[in-house]
Each structure stands twice: as structure tokens, then as C-alpha cells.
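K.L.:
Please find one structure pasted underneath; my questions will follow.
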Amino acid sequence: MGRKNRNRQRAQQDRDGKPEGKRNRDDAGWGAGYSEIIKENKLFEHYYTELKIVPEGEFEEFMETMREPLPATIRITGYKSHAKEILHTLKEKYFKEVQDLEVDGQKIEAPQPLSWYPDELAWHTNLSRKILRKSPLLEKFHQFLVSETESGNISRQEAVSMIPPLLLKIEPQHKILDMCAAPGSKTAQLIEMLHSDMDVPFPEGFVIANDVDNKRCYLLVHQAKRLNSPCIMVVNHDASSIPRLHIDQDGKKDVLFYDRILCDVPCSGDGTMRKNIDVWKKWTTSNSLHLHGLQIRIAVRGVEQLAVGGRMVYSTCSLNPIEDEAVIAALLEKSEGALELADASADLPGLKYMPGITSWKVMTKEGQWFSDWSEVPTSRHTQIRPTMFPPTDPEKLANMKLERCMRILPHHQNTGGFFVAVLVKKAPMPWNRRYPKLRNKEVNSSSEAAPAEELQTGGSPADVPPADGSSAEAPVEAVEGETPAEGNPSVPDTPDPSEVKKDNVCGPPPPKKMKLFGFKEDPFVFLTEDDPIFPPIQAFYNLSPDFPKMNVLTRTHEGKKRHLYMVSKELRNVLLNNSERMKVINTGVKVWSRNTDGEQFGCAFRLAQEGIYTLCPYIRARIINISVEDVKVLLTQENPFLSKLEDDAHNQAKKLEMGSIVLRYLPDPQDLDAPQCPIDLCGWRGKTSLRAFVPRNECLHYLRMVGVEVFRDKQGKRNDGSTETQEGSTEDAEGLSQEADLLEQEGEETEQNGSESNTNDTEPVSSSCDGPTS
């Protein structure tokens with residue numbers, strides 16, 4: 001290292017007591033490590049003072065709140081049967097322990113539920129990440145949050161980010177598109193709502209989560225994997241030109257229209273100043289001017305793919321009307337009555353927000369204001385577009401009802417800034433050639449009229465997508481009223497009859513059809529009716545006759561199949577009909593993994609914990625019912641002998657041959673101290689022992705549910721936070737204590753690159769070691 005570099009590093013250490021480069025890990029995102037950035041931007045203040053989006057007399061309070069760090073908020077995964085247990089643990093144990101504490105002179109306020117989030121499943125607190133990490137008093141709470149986040153039971157998510165999925169009003173049968181999904185916290189909410197009934201392993205609906213950035217798609221995979229859903233697909237496309245997909249409907253090829261679309265577009269992000277401190281320095285009006293056209297194109301593409309009667313939520317983390325009301329107004333004007341703004345004021349009782357504005361001006365980064373398009377000089381026409389201004393016709397403006405938009409200001413509820421609008425599609429878009437049907441349990445009259453209109457068009461229905469163009473209004477104006485002839489090759493969404501693909505195989509699109517970028521993904525290959533690997537699985541686990549075998553897939557053409565996954569019937573339909581037009585990063589949930597040792601016992605595939613709740617409704621053999629005490633033994637002892645189990649479980653295990661098993665705990669309504677939700681664990685029956693095959697983070701979760709807390713102190717020594725452990729629990733598994741490695745990662749999302757081996761196929765580990773015992 002050169003002398004100058006050494007001196008610079010030494011000076012940095014002298015200033016803050018720690019080496020340069022380790023600073024941001026503790027303080028990132030909370031404002032504590034950015035003292036060199038002054039939280040002030042005169043242009044920002046001047047701009048929003050002039051626009052009057054903040055009520056009169058509140059601007060100083062608004063700015064003061066913007067300069068304060070953002071409170072930490074967490075959301076409990078609502079669809080899992082364990083949600084009540086997690087909520088009970090948080091309220092009765094951790095929240096009571098932290099209230100009235102004082103750390104570094106700061107009093108810790110008792111966490112409070114978000115008043116507008118259903119069932120007390122979202123909470124906020126003034127605890128920052130730095131305080132959580134550095135305070136010994138809060139260390140257990142911190143480790144609890146991290147490990148539960150890793151196991152998918154808790155998400156650390158900004159409060160305002162939770163709003164759009166709630167406003168979509170999702171039902172289990174809905175087909176959902178998340179257009180700009182990464183990093184995936186909202187996607188996780190969508191999946192939860194789809195699985196609102198845990199007794200239904202395969203809901204009729206699904207979520208297709210898209211992002212234009214290939215690397216960020218792997219963040220999506222990471223988020224989705226925590227929820228273990230067979231109804232999620234991650235794809236990699238530009239949202240403004242995301243391809244139209246096809247499905248088989250009653251033996252005929254049909255176009256896929258979505259019942260719900262989340263359109264959370266890229267934005268300037270000035271509502272995130274409380275956590276993204278760099279925005280203070282970089283904010284300028286030109287950011288919103290540059291993004292406006294892209295935002296319209298994405299929104300237009302969204303409403304094109306929305307079913308009539310469906311809902312699309314448009315949202316940004318920007319307070320700027322150029323990115324908010326201007327985009328909505330342009331969309332409504334181009335729709336010619338096909339879209340309307342829904343009144344969502346009663347959907348989230350307790351949420352404080354400001355109604356959308358109907359008058360605004362446009363400002364250049366030099367500070368020049370324009371009130372109308374007619375004032376803009378020709379030299380500025382490439383930067384400022386007509387759609388950036390409010391409509392000039394008072395009647396048209398009134399009919400848009402822009403006041404139904406919702407702008408969340410930070411000082412009203414101690415949150416970030418946010419904008420959201422709910423759009424309902426009443427009729428086909430003017431450039432649409434068909435009337436898509438909304439899939440609802442109750443078909444409304446408008447939907448019933450749809451088939452007749454489709455018959456009039458004849459041939460294969462498709463939309464005419466807007467033409468590409470740099471100007472914001474060009475995508476729609478260029479094609480209004482056009483109805484090209486059937487089979488027009490200029491329409492990219494029209495199916496190509498020459499497409500030929502193998503049955504049951506969904507490979508990556510060929511280079512001539514779509515430019516490949518990022519990591520090359522392995523193909524998706526569905527099992528055939530006569531696949532020889534399935535009969536042994538069927539017999540070994542005695543799968544019920546209604547098991548959807550055709551929904552099982554693998555990620556390899558050649559060689560031995562290492563892992564088997566499952567998707568819902570509807571996603572299988574999408575995969576098989578669109579392999580040439582979309583790039584799928586990941587889909588499905590892993591249900592079986594190859595285990596060579598198992599071949600001698602009759603089945604070469606053992607159960608995978610990720611898919612256990614998907615498979616269990618169909619498994620009729622190799623199930624051992626266990627008690628709370630059995631759960632403690634199996635998850636804390638390295639390789640317990642059968643004799644360590646209680647008599648009932650011991651007798652059941654003795655009757656089973658060696659191999660993969662299901663360990664099932666069923667709640668006892670009479671024992672209120674025990675978990676009141678079912679628990680299914682993957683296991684292995686050895687010669688004289690049983691072993692649970694559960695990922696370490698989930699192992700900690702289940703131990704907490706039965707009253708055992710494994711805690712690792714700062715010196716790396718493990719401590720039991722509970723006295724409820726039975727004899728032998730002090731001999732916790734070596735592998736379990738390695739959970740500290742995960743805890744040190746702070747629960748942050750990691751980018752997972754590559755194909756099968758490092759997206760779906762992270763090996764689950766047993767609670768004590770990594771291999772089955774014979």
C-alpha cells in the first residue's frame with residue numbers, strides 16, 4: 001500500500017474509530033453514517049413550496065421530518081398459519097422487553113401497529129438498525145428479526161411500500177402481474193394474499209414478477225423463495241414492452257389478460273430522502289422530466305394487458321406531480337373513458353393522505369417555470385412534453401377526478417413520501433382489438449358481453465401495442481383507432497404459427513427471437529405421463545390419485561434429474577405456451593431432491609422442506625405424528641436415537657422402513673401453551689435414529705414456537721434464552737450454532753446468480769448436519 005493511501009486510511013480511522021470501508025455496514029440506510037451530506041436542497045424547497053402539495057402552515061414540519069431518519073417497520077407474513085404465533089411472540093416477549101429502554105441517551109418507544117394495516121400484521125418503532133446491532137439489550141430482538149426474516153415469516157419493509165398490494169384487493173383466483181418488481185417486498189405481499197387460504201396448496205391465480213435488470217431479478221428469486229409458493233414466476237423484460245403472453249383456454253390459444261397489475265414505476269425517489277441520503281445532494285427537477293415518458297409507456301403497457309373489470313395500482317416513491325398526477329392524467333385522456341380512477345379512500349381506514357392535485361406547473365433545473373405547454377419554447381420541446389401539464393379543458397379535468405389519487409406526506413404519519421392511484425378498466429382501450437374477460441367467481445354483465453365481441457373480430461385476438469417513440473404521448477397517438485389485418489407481422493404480440501417446440505419443454509428463447517442477456521437459464525422440462533422416475537415416488541409416499549403429476553418439472557434435459565419442482569396448473573399453462581416469447585428466471589417450488597442412498601430403500605428422491613406444505617395434502621404414507629417435546633429433541637440434538645422420542649412417535653417410527661419421512665405436529669386445542677398451528681418437517685428415518693432436514697433459519701423459527709430460543713452472544717458462545725428445554729437440549733447441534741453466520745448478514749438480500757444450481761437449488765440442511773444417516 002502506498003504512503004498516501006496508508007495516511008488516508010489512518011486519518012479515516014482517527015476520525016471515527018473504525019477502518020474506512022466498514023462504516024456503511026452499520027449505518028447504511030439510517031442516516032447515521034452520512035454526516036458529510038448536508039440535508040438541505042434549496043431548489044427542492046423552492047419547488048415544493050411553489051407547487052403547494054403540503055398544506056399551508058405545515059411546510060417547516062414537512063422539511064424537519066424529511067431530515068429525520070426513517071423509523072424501522074416490519075411486516076408479519078400474513079398467509080402463513082404461523083402468523084398468529086409470531087405476532088404473539090413479538091407482543092408478549094420482545095415488544096415488552098424493549099419498551100422504556102434507553103440506549104445512547106435515546107428512549108426506546110414501544111412498537112406500535114400500523115393503524116391501517118389489517119390484523120396488526122405490520123408494526124413500526126423508532127429503533128434504527130444501528131441501535132439494534134450495537135445494543136446488547138436488544139441483541140436477542142435483533143437476532144429474532146434477522147432469522148425470522150430469513151425464514152420468510154417477517155419482512156422488514158417500509159410502511160408506505162405496503163400500501164399498493166393492499167389496494168389491489170387480491171383474491172386467490174386472480175392472475176397478477178408485477179411490472180417492476182425488484183427487490184420484491186411488494187411481490188411477497190402479493191404472494192401472501194394469493195395464498196390467503198392455506199388449506200389450498202394450488203390457488204387458481206398466480207403472480208408473474210418482472211424486472212428489467214437481470215441481476216435484480218435474483219433478488220426477486222430470493223424474496224419469493226422464502227414464501228415457498230408454486231404460484232410465482234420471475235421474468236426478465238423491459239416493462240414498457242413486456243410481451244403479450246398466451247394460454248390454452250378450452251383447447252384454443254387465447255391471450256392472457258391479468259386481473260390485477262401492480263405498476264410501481266422507476267421514479268426520482270424524492271420521497272425516500274429519509275433513508276436514501278444521497279437524494280438530498282442529487283435532487284433536481286430534470287430527474288422527473290427524464291422519467292415522465294418512461295413512466296407513461298410502462299403504465300400504457302400495463303393497462304393494455306389488464307382485463308376489463310380489473311384493477312391496476314400505479315405508484316411511485318416520488319412527491320412530484322410530473323411523475324404522479326401528470327402520468328395518471330395522460331393515461332386517462334388517452335383511454336377515452338376506458339379507465340377511471342377508483343375512490344380508495346375507504347379501503348385503508350386510518351391511513352392519512354393528501355388528495356391528488358389538479359393544478360401544477362413545470363420547472364426546469366435552471367429554475368424556469370412554465371404553466372402551460374404554449375409557453376414552452378421550441379428549444380425545450382425535447383425536454384418538456386405536453387403530457388407534463390394538467391389538462392386545459394376544465395370539464396375534462398373535472399371528469400378525471402384526480403383528487404382520488406393519494407399522496408402520503410412524511411410528517412403526517414412519520415413515514416416516507418409516496419404516491420398511489422387505483423385505476424379500474426371499464427372497457428377495451430381505444431387501440432385494443434378485443435374485450436378481455438375478468439376472471440371472477442361472479443361474472444358481471446360486462447364480462448358476459450365479452451365473448452360475443454370476440455367472435456366478431458374473428459381469428460386470433462391481440463392488442464395493437466403502441467408504437468415506440470421518444471415523446472411521452474407518441475406511444476398512444478401513433479396507433480389510436482388502428483385495426484391492422486390479421487397476421488400483420490408488424491404486430492409483435494401476434495402468435496407465430498411457425499413456432500415449433502418440444503412437448504413439455506420450456507427452454508430459453510433462441511437468440512434470433514430474443515436477445516439473451518445476463519445469466520443463461522436452464523430449460524424447464526415437465527414430467528411426461530410415462531416418466532420412469534415417478535412411479536417409485538408415487539408408491540413410496542402413497543400419493544393420492546388427484547396429485548397433479550403433470551405440474552412437476554425439472555431443470556435439465558440430460559443426465560439424472562437432481563431436483564423436482566412444482567408449479568400450479570395455470571403457471572404450467574403459461575410456461576408451455578410462451579417459451580419463445582419470454583425469459584423466465586425462476587418459477588415453482590422445490591418438492592423433491594435426489595438422494596442416492598434412498599435408492600436401496602425404494603425411492604431415490606427425498607422430500608424437500610421448501611415444498612412440504614405443497615406436497616403434504618397428497619402424501620398418505622411415511623408420516624410420523626410428533627409432540628412438542630419431540631420437536632425440541634429433533635431440532636436440538638444432532639442425531640437422536642428413536643428411543644429419545646415419546647412412546648407414540650417411537651412406535652410409529654419403528655414401523656417405517658428407512659428413508660425420507662414427514663414429521664407432523666398437530667396442535668392440541670386443550671394445551672394453549674403449545675403452538676396452535678400445524679408444523680410439518682422433512683425428516684430421515686435411519687436404522688436407529690431420526691433426523692430433521694430443516695434449513696437452519698427455519699429450525700430456529702420452529703424452536704422458538706415450542707419455547708426454545710437459541711441465542712449467540714457477541715463472543716460467539718451459544719446461550720439458551722429459555723429454561724423450557726428438556727434434558728439433552730443443551731447439546732444443541734453444531735450446525736445450528738453456525739446460524740451466527742446468517743445473523744451477521746443482517747438479513748440483507750443477496751444476489752443469487754446462475755441457473756439451476758444457485759437459484760432454486762440451494763441445498764437444505766438438517767438441523768445438525770448435512771447428510772442422511774442410514
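Quick note on naming: the chains in the C-alpha cells go A, B, ... in the order shown, residues restart at 1 in each chain, and ligands are numbered from 1 in order of appearance.
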Quick one: DSSP strand (DSSP E) residues in segment 154-337 of chain A, as a PyMOL selection string?

P.N.:
chain A and resi 154-156+175-178+206-210+232-235+246-249+252-255+258-264+306-316

K.L.:
Among segment 601-690 of chain A, which ones does DSSP assign to alpha helix (DSSP H) (computed from the backbone)? Answer as a list in words.

P.N.:
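Taking segment 601-690 of chain A and keeping alpha helix (DSSP H) only, one gets Ile612, Tyr613, Thr614, Leu615, Val628, Glu629, Asp630, Val631, Lys632, Val633, Leu634, Leu635, Thr636, Asp647, Asp648, Ala649, His650, Asn651, Gln652, Ala653 and Lys654 of chain A.
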
K.L.:
Could you please determine the separation between atom CA of Gly184 of chain A and atom CA of Thr285 of chain A in Å, to one decimal place?

P.N.:
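Calculated distance between atom CA of Gly184 of chain A and atom CA of Thr285 of chain A is 27.8 Å.
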
K.L.:
Tell me, as a CSV table (one decimal) with C-alpha atoms, in the first residue's frame, which residues lie within 9 Å of segment 310-320 of chain A, counting only C-alpha atoms; anything in the same chain fewer than 4 positions away does not count.

P.N.:
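Generated output (out_24.csv):
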chain,number,residue,atom,x,y,z
A,48,TYR,CA,-42.4,22.1,-3.4
A,53,ILE,CA,-48.5,19.9,-2.2
A,160,VAL,CA,-45.7,3.2,2.5
A,161,SER,CA,-44.4,0.3,0.4
A,164,PRO,CA,-50.2,-0.7,-3.2
A,165,PRO,CA,-50.7,-4.5,-2.7
A,167,LEU,CA,-55.3,-1.5,-2.7
A,168,LEU,CA,-55.3,-4.2,-5.4
A,169,LYS,CA,-57.9,-6.2,-3.4
A,258,TYR,CA,-54.3,-10.0,-15.9
A,259,ASP,CA,-57.0,-9.4,-13.3
A,260,ARG,CA,-54.6,-7.3,-11.2
A,261,ILE,CA,-51.5,-5.3,-12.2
A,262,LEU,CA,-49.0,-3.6,-9.9
A,263,CYS,CA,-47.3,-0.7,-11.7
A,264,ASP,CA,-44.7,0.6,-9.3
A,265,VAL,CA,-42.6,2.5,-11.8
A,266,PRO,CA,-39.0,3.8,-11.7
A,267,CYS,CA,-39.0,7.3,-10.2
A,268,SER,CA,-36.8,10.1,-9.0
A,269,GLY,CA,-37.4,8.9,-5.4
A,270,ASP,CA,-37.6,12.2,-3.6
A,271,GLY,CA,-40.0,10.5,-1.1
A,272,THR,CA,-37.1,8.3,0.1
A,285,THR,CA,-36.3,18.7,-11.5
A,288,SER,CA,-38.6,13.8,-13.2
A,299,ALA,CA,-48.4,2.4,-17.5
A,302,GLY,CA,-49.9,-2.2,-18.1
A,303,VAL,CA,-53.5,-1.2,-18.9
A,306,LEU,CA,-55.3,-5.6,-17.9
A,324,ASP,CA,-47.7,11.3,-10.4
A,325,GLU,CA,-50.8,13.2,-11.4
A,328,ILE,CA,-52.4,9.5,-14.5
A,342,ALA,CA,-61.3,4.4,-8.2
A,407,ARG,CA,-50.2,11.4,-1.7
A,408,ILE,CA,-48.7,10.3,1.6
A,409,LEU,CA,-46.6,13.1,3.2
A,416,GLY,CA,-41.6,8.1,3.7
A,417,GLY,CA,-43.2,10.0,0.9
A,418,PHE,CA,-45.4,8.1,-1.6
A,419,PHE,CA,-48.0,8.5,-4.3
A,420,VAL,CA,-50.6,5.9,-5.3
A,421,ALA,CA,-53.6,5.8,-7.7
A,422,VAL,CA,-56.0,2.9,-8.3
A,423,LEU,CA,-57.2,2.5,-11.9
A,424,VAL,CA,-60.2,0.4,-13.0
A,425,LYS,CA,-60.6,-0.7,-16.6
A,426,LYS,CA,-64.2,-0.2,-17.7
A,437,LYS,CA,-62.7,-11.0,-19.6
A,438,LEU,CA,-62.1,-10.6,-15.8
A,439,ARG,CA,-61.8,-14.0,-14.0

K.L.:
For the interface of segment 206-316 of chain A with segment 589-602 of chain A (cut-off 9 Å, counting only C-alpha atoms), please tabulate each contacting residue of segment 206-316 of chain A alongside its nearest pair of atoms and their separation in Å to one decimal, rows sorted by chain and increasing number, as a Markdown table.

P.N.:
| residue | atom | partner | partner_atom | distance |
| --- | --- | --- | --- | --- |
| A:Lys225 | CA | A:Val589 | CA | 7.5 |
| A:Asn228 | CA | A:Val589 | CA | 5.7 |
| A:Ser229 | CA | A:Val589 | CA | 5.9 |
| A:Pro230 | CA | A:Val589 | CA | 5.1 |
| A:Cys231 | CA | A:Val589 | CA | 8.5 |
| A:Ile232 | CA | A:Val589 | CA | 8.7 |

K.L.:
Just to be explicit: take each residue in the selection above, keep C-alpha atoms, and write the result as a compact mmCIF listing (two decimals), in the first residue's frame.

P.N.:
# COMPACT_ATOMS: atom_id res chain seq x y z
CA LYS A 225 -38.19 -18.46 -2.29
CA ASN A 228 -42.30 -21.38 -0.91
CA SER A 229 -45.12 -20.78 -3.39
CA PRO A 230 -45.78 -22.85 -6.54
CA CYS A 231 -47.65 -19.84 -7.99
CA ILE A 232 -44.81 -17.37 -8.64

K.L.:
Identify which of the residues A:Glu139, A:Glu403, A:Glu580, A:Glu102 lies closest to Asn126 of chain A, counting only C-alpha atoms when measuring atom-to-atom distances.

P.N.:
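When distances to Asn126 of chain A are compared using only C-alpha atoms, the smallest one comes from A:Glu102.
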
K.L.:
Can you list every residue of segment 553-617 of chain A that has an atom at most 10 Å from segment 684-695 of chain A, with its nearest atom pair and the distance in Å to one decimal, using only C-alpha atoms, ordered by chain then number, as JSON lines?

P.N.:
{"residue": "A:Gly598", "atom": "CA", "partner": "A:Trp684", "partner_atom": "CA", "distance": 10.0}
{"residue": "A:Arg606", "atom": "CA", "partner": "A:Trp684", "partner_atom": "CA", "distance": 8.4}
{"residue": "A:Leu607", "atom": "CA", "partner": "A:Phe693", "partner_atom": "CA", "distance": 8.8}
{"residue": "A:Ala608", "atom": "CA", "partner": "A:Phe693", "partner_atom": "CA", "distance": 7.9}
{"residue": "A:Gln609", "atom": "CA", "partner": "A:Val694", "partner_atom": "CA", "distance": 6.1}
{"residue": "A:Glu610", "atom": "CA", "partner": "A:Val694", "partner_atom": "CA", "distance": 8.9}

K.L.:
Measuring between only C-alpha atoms, which one of A:Pro640, A:Arg226, A:Gly309, A:Val54 shows the shortest distance to Gly356 of chain A?

P.N.:
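For Gly356 of chain A, the nearest of the candidates is A:Val54.
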
K.L.:
Measure the distance from atom CA of Ile322 of chain A to atom CA of Gln383 of chain A in Å and round it to one decimal.

P.N.:
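Pair atom CA of Ile322 of chain A / atom CA of Gln383 of chain A returns 12.4 Å.
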